[in-house]
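Participant: Sharing a structure, written as structure tokens. Questions coming.
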Amino acid sequence: MFAAITQTLNGGAEPDQDHDDDQESLTLPLLRPPRSINSTSQVAIVGANVCPIESLDYEIAENDFFKQDWRTRGKNQIFQYIFMKWSLCFLIGLIVGLIGFFNNLAVENIAGMKFVITSNMMLYRKFGLAFTVFSVSNFVLTLFAAIITAYIAPTAAGSGIPEVKAYLNGVDAPGILSFRTLIVKIVGSISAVSASLLIGKAGPLVHTGACIASLLGQGGSKRYGLTWKWLRFFKNDRDRRDLVTCGSAAGIAAAFRAPVGGLLFALEEMASWWRSALLWRAFFTTAVVAILLRALIDVCLSGKCWLFGKGGLIMFDVYSANISYHLVDVPPVLALGIIGGILGSFYNFILQKVLRIYNLINEKGIAYKIFLACLISIFTSGLLFGLPWLASCRPCPADAAEECPTIGRSGNYKKFQCPAGHYNDLASLIFNTNDDAIRNLFSKGTDSEFQYLTIIIFFVTCFFLSILSYGIVVPAGLFVPVIVTGATYGRLVGMLVGSYSNLNHGLYAVLGAASFLGGSMRMTVSLCVIILELTNNLLLLPLIMLVLLISKTVADVFNSNIYDLIMKAKGFPYLETHAEPYMRQLTVADVVTGPLRLFNGIEKVGNIVHVLKTTRHNGFPVIDGHPLSSSSVLYGLIRRDHLLTLLKKKAFLSAPEPEATGMDAFRQFTAVDFAKRGSGNFDNIEDIDISSEEMEMFLDLHPFTNASPYTVVETMSLAKALTLFREVGLRHLLVIPKLSGRSPVVGILTRHDFMPEHILDLHPTLTRSRWKRLRIRFRLF
């Protein structure tokens, strides 16, 4: 976990509070520092130990000011709101589709140029010069991607899917959706993938789509004069969350040209909250992506995109095969599912260990991160250029569907160092782009193309090289490496089964890719549809469903999916969909800790300033009456950012009298004053200048207090409270006493209180090994 999590959950993610008024305790972290600090790996948010991670305010603050603002909105404003929702979804699909196409166009041409130049040198037997050009070009591309990522936007490293998934769960990590992150994600991904690193571009495209959606939903920019009032409707976390969900769906749709798969990916893996209206908008967004890509690919197929056209946004050749299978084909498919589950869980385990090692290196500074990236690049270049020499040259088949050997372009039969009329089958997989390698493995009519040794070498290379490549400080995805690796051992199973099966080797490669995806990423429905859209063959549906179900079931016995493991390594306080079994043994009173700070309905300015300066809390209960009086009642909850706005506008009263203050507030403030700021823009109490005379004045908090906050009784089970907290998307959950005669509020539950680290710290008798065993049983049944 990040070192910042203690600070984050004490401030940004709002630590809970109770009645202790001891000022020193206000600054003490509630979560003890972890033994090993993960300030960041590749990947994780560099510098997060000084940037608190906050929760997002998905709940609508139903105060008097909010109600009055909605009452004044006419039909025109409602129409503008609905029109802008669909317009922004259209823009998201349009921009993400263009970026996805541009990414593929750039990667195919940059990497293609590199392979063409290298291949031409090898035709003249200039092997040393060819290796120099190949390795130097890879080194320069990797160095460029690492430098811009490390210095400009460290949050752009990695795939970005864990960050977006955490954001949609309510975790607001700093900078993950900023404009700088977007630019570095696009440029860095093109450069890193073109450098022949075994990484993918699907994950970065998901992050790119989320960044675009977030930026479009920020309501314009005063800096650049974009202050059109129609853009201000989405200046809140709730609407921005929906746009980011559509952006993540568009990212997968652009990466695999799979609109329905992208929609289901956002539903199954990314979104923590879903509703039918969002389903329609996300579907519309992915449809825009699909239509745009279809039009652009038609242009490229006419030969106007140079090397691009058959690469990148591919539809694999298996789709044209007439698939027929029988009962005898089921056992090998079952074996593929079991192998995929075991290998997928092992892949996740190794990757998690490697990221921890990389973290120790990356903690030493930016120079070490860049050095590690360069070292992996040199190792990768040497491996990719050297391994094909281990394979023997094979004569070109007489019935080859394409020209053999392949010279000066992508294809199934790479010449490499072989004489005329021969090809190097290992070079056809290694000395190629990842997309071309997948196409070669998936292609039909090539059952005799690869040797056993070739497939085994390529599988081992992909398995470990993809793990080593993911951890460096460049934008890197996992989808494509996992597909390549899974397709390789699927092809190997097809070769072993041989004539005992009716399925061709390319189809086994498709099923192997599906099994490894299910074993590593643990998705079922979305992966099934994505693969079907890639292969364009509905006859594969029963086999793919069977493989995915088995691989996920087997892998779940060992560990979690890869994105959950990465989120945990980064320290994101992610709320799971289900409560742990031990939570049913605890009540909310067992985890609520202090101190609690209360405000009166009409509070002295000096008291508010003192509390804001001495605490990091983001929500404060507002009561009417003395806190310890039996007649005091809970009025509601007021947020920190609203208090800062009131102090900044100096909406003070000279005396604690509430007469007519509500109407004055409606005239003095507008909805824009309380709107969500753009990324990185927020007010600090230290920046607000308040004189000593103003300190003695008062603020009427009633019009700005959420008078209907969610509350639970202190005897409610922690599991039940977690279900409410997550399903509604809360940031604060007030705990009220069971019996009257006490203070109206016992404490505040926040995301921090549901974290296993916090609970086990408070209740050591619930040992970690015990709750892990319970968790496995709960997951299986």
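By order of appearance in the structure tokens: chains A, B, ..., then residues from 1 within every chain, and ligands from 1 in the order shown.
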What lies within 12 Å of A:His578 using only C-alpha atoms, ignoring chain neighbours under 3 positions off, as a ChimeraX atom specification?

Facilitator: /A:272,574-575,581-584,718-727,754,775,778-779

Participant: Check which residues of stretch 182-286 of chain A sit at most 8 Å from stretch 165-175 of chain A using only C-alpha atoms, and return one row each with the closest pair of atoms and their distance in Å to one decimal, ordered by chain and rising number, as JSON lines.

Facilitator:
```
{"residue": "A:Arg241", "atom": "CA", "partner": "A:Leu168", "partner_atom": "CA", "distance": 6.2}
{"residue": "A:Val244", "atom": "CA", "partner": "A:Leu168", "partner_atom": "CA", "distance": 7.7}
{"residue": "A:Thr245", "atom": "CA", "partner": "A:Leu168", "partner_atom": "CA", "distance": 7.3}
{"residue": "A:Glu269", "atom": "CA", "partner": "A:Lys165", "partner_atom": "CA", "distance": 7.6}
{"residue": "A:Met270", "atom": "CA", "partner": "A:Lys165", "partner_atom": "CA", "distance": 4.8}
{"residue": "A:Ala271", "atom": "CA", "partner": "A:Leu168", "partner_atom": "CA", "distance": 5.7}
{"residue": "A:Ser272", "atom": "CA", "partner": "A:Asn169", "partner_atom": "CA", "distance": 5.3}
{"residue": "A:Trp273", "atom": "CA", "partner": "A:Asn169", "partner_atom": "CA", "distance": 7.9}
```

Participant: Please measure the separation of atom CA of A:Phe127 and atom CA of A:Ile378, giving the value in Å to one decimal.

Facilitator: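 Separation of atom CA of A:Phe127 and atom CA of A:Ile378: 16.9 Å.
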
Participant: Check the smallest atom-to-atom distance from each of A:Tyr710, A:Phe79, A:Ile531, A:Ser119 to A:Val728 using only C-alpha atoms, then report the winner.

Facilitator: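 Of A:Tyr710, A:Phe79, A:Ile531, A:Ser119, the one nearest A:Val728 is A:Tyr710, counting only C-alpha atoms.
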
Participant: So, with only C-alpha atoms as the atoms that count, which of A:Gly494, A:Pro419, A:Pro475, A:Gly262 lies closest to A:Leu527?

Facilitator: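 Closest to A:Leu527 of all the choices is A:Gly262.
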
Participant: Can you tell me which residues surround stretch 611-625 of chain A at a distance of at most 6 Å, considering only C-alpha atoms, apart from same-chain residues fewer than 2 positions away, and format the answer as a ChimeraX atom specification?

Facilitator: /A:11,14,26,598-601,608-609,632-640

Participant: Please report, as number ranges by chain, each residue of stretch 79-298 of chain A to which DSSP assigns alpha helix (DSSP H) when run on this structure's backbone.

Facilitator: A: 79-123, 127-151, 161-169, 179-194, 202-216, 237-256, 259-265, 276-298

Participant: For a test of reading the model, state the distance in Å between atom CA of A:Ser248 and atom CA of A:Met567, rounded to one decimal.

Facilitator: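 Computing it gives 16.9 Å between the two atoms.
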
Participant: Check which residues of stretch 510-551 of chain A sit at most 12 Å from stretch 428-447 of chain A using only C-alpha atoms, and return one row each with the closest pair of atoms and their distance in Å to one decimal, ordered by chain and rising number, as a tab-separated table.

Facilitator:
```
residue	atom	partner	partner_atom	distance
A:Val510	CA	A:Phe442	CA	6.2
A:Leu511	CA	A:Phe442	CA	9.8
A:Gly512	CA	A:Phe442	CA	10.2
A:Ala513	CA	A:Ile438	CA	9.5
A:Ile531	CA	A:Phe442	CA	11.7
A:Leu534	CA	A:Phe442	CA	10.8
A:Thr535	CA	A:Phe442	CA	9.2
```

Participant: List the neighbours of stretch 88-105 of chain A out to 9 Å using only C-alpha atoms; skip same-chain residues closer than 5 positions along the sequence, and give me the result as a PyMOL selection string.

Facilitator: chain A and resi 83+110+186-187+189-190+201+205+208-209+212-213+216-217+243+246-247+250-251+253-255+281-282+284-293+296-297+305-309+311-313

Participant: Just how far from atom CA of A:Asp57 is atom CA of A:Met755, in Å to one decimal?

Facilitator: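 Interatomic distance here is 18.6 Å.
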
Participant: My list of candidates is A:Asp425, A:Tyr325, A:His610, A:Tyr413. Which is closest to A:Ala400 when distances are computed with only C-alpha atoms?

Facilitator: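 Among A:Asp425, A:Tyr325, A:His610, A:Tyr413, it is A:Tyr413 that comes nearest to A:Ala400.
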
Participant: Just list the residues in stretch 481-623 of chain A DSSP gives strand (DSSP E or B) on the backbone, as JSON, numbers by chain.

Facilitator: {"A": [587, 599, 600, 602, 603, 604, 619, 620, 621, 622, 623]}

Participant: Which residues are close to A:Ala146, i.e. within 9 Å by only C-alpha atoms, leaving aside same-chain residues fewer than 2 positions away? Reply as a PyMOL selection string.

Facilitator: chain A and resi 141-144+148-151+157+188+192+369-370+373-374+472-475

Participant: Could those selected residues go to a file with C-alpha atoms, as a PDB file, in the first residue's frame?

Facilitator:
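Written output follows (out_31.pdb):
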```
ATOM      1  CA  LEU A 141      11.692   4.269 -28.551  1.00  0.00           C
ATOM      2  CA  THR A 142      11.678   2.765 -25.049  1.00  0.00           C
ATOM      3  CA  LEU A 143      13.891   5.533 -23.677  1.00  0.00           C
ATOM      4  CA  PHE A 144      11.599   8.194 -25.113  1.00  0.00           C
ATOM      5  CA  ILE A 148       8.113  11.369 -20.887  1.00  0.00           C
ATOM      6  CA  THR A 149       6.262   9.018 -18.541  1.00  0.00           C
ATOM      7  CA  ALA A 150       8.633   9.427 -15.604  1.00  0.00           C
ATOM      8  CA  TYR A 151       9.051  13.183 -15.882  1.00  0.00           C
ATOM      9  CA  ALA A 157       2.531   4.171 -16.593  1.00  0.00           C
ATOM     10  CA  GLY A 188       4.065   6.757 -24.721  1.00  0.00           C
ATOM     11  CA  ALA A 192       6.559   1.578 -26.217  1.00  0.00           C
ATOM     12  CA  LYS A 369      13.118   3.708 -13.372  1.00  0.00           C
ATOM     13  CA  ILE A 370      14.476   4.822 -16.728  1.00  0.00           C
ATOM     14  CA  ALA A 373      13.174   0.332 -18.755  1.00  0.00           C
ATOM     15  CA  CYS A 374      16.288   0.571 -20.908  1.00  0.00           C
ATOM     16  CA  ILE A 472       8.634  -0.669 -16.416  1.00  0.00           C
ATOM     17  CA  VAL A 473       7.705   2.997 -16.414  1.00  0.00           C
ATOM     18  CA  VAL A 474       5.909   3.129 -19.784  1.00  0.00           C
ATOM     19  CA  PRO A 475       2.234   2.831 -20.767  1.00  0.00           C
TER      20      PRO A 475
END
```

Participant: Give me the residues within 7 Å of A:Ile199 as JSON, numbers by chain, counting only C-alpha atoms and dropping any in the same chain fewer than 5 places off.

Facilitator: {"A": [193, 466, 469, 470, 476, 477, 478, 480, 481]}

Participant: With only C-alpha atoms as the basis for distance, which of A:Leu565, A:Phe283, A:Phe516, A:Gly303 is at the shortest distance from A:Lys353?

Facilitator: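 Nearest to A:Lys353: A:Leu565.
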
Participant: Measuring between only C-alpha atoms, which one of A:Phe458, A:Phe256, A:Tyr358, A:Leu543 shows the shortest distance to A:Val333?

Facilitator: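 So, comparing all the options, the nearest one is A:Leu543.
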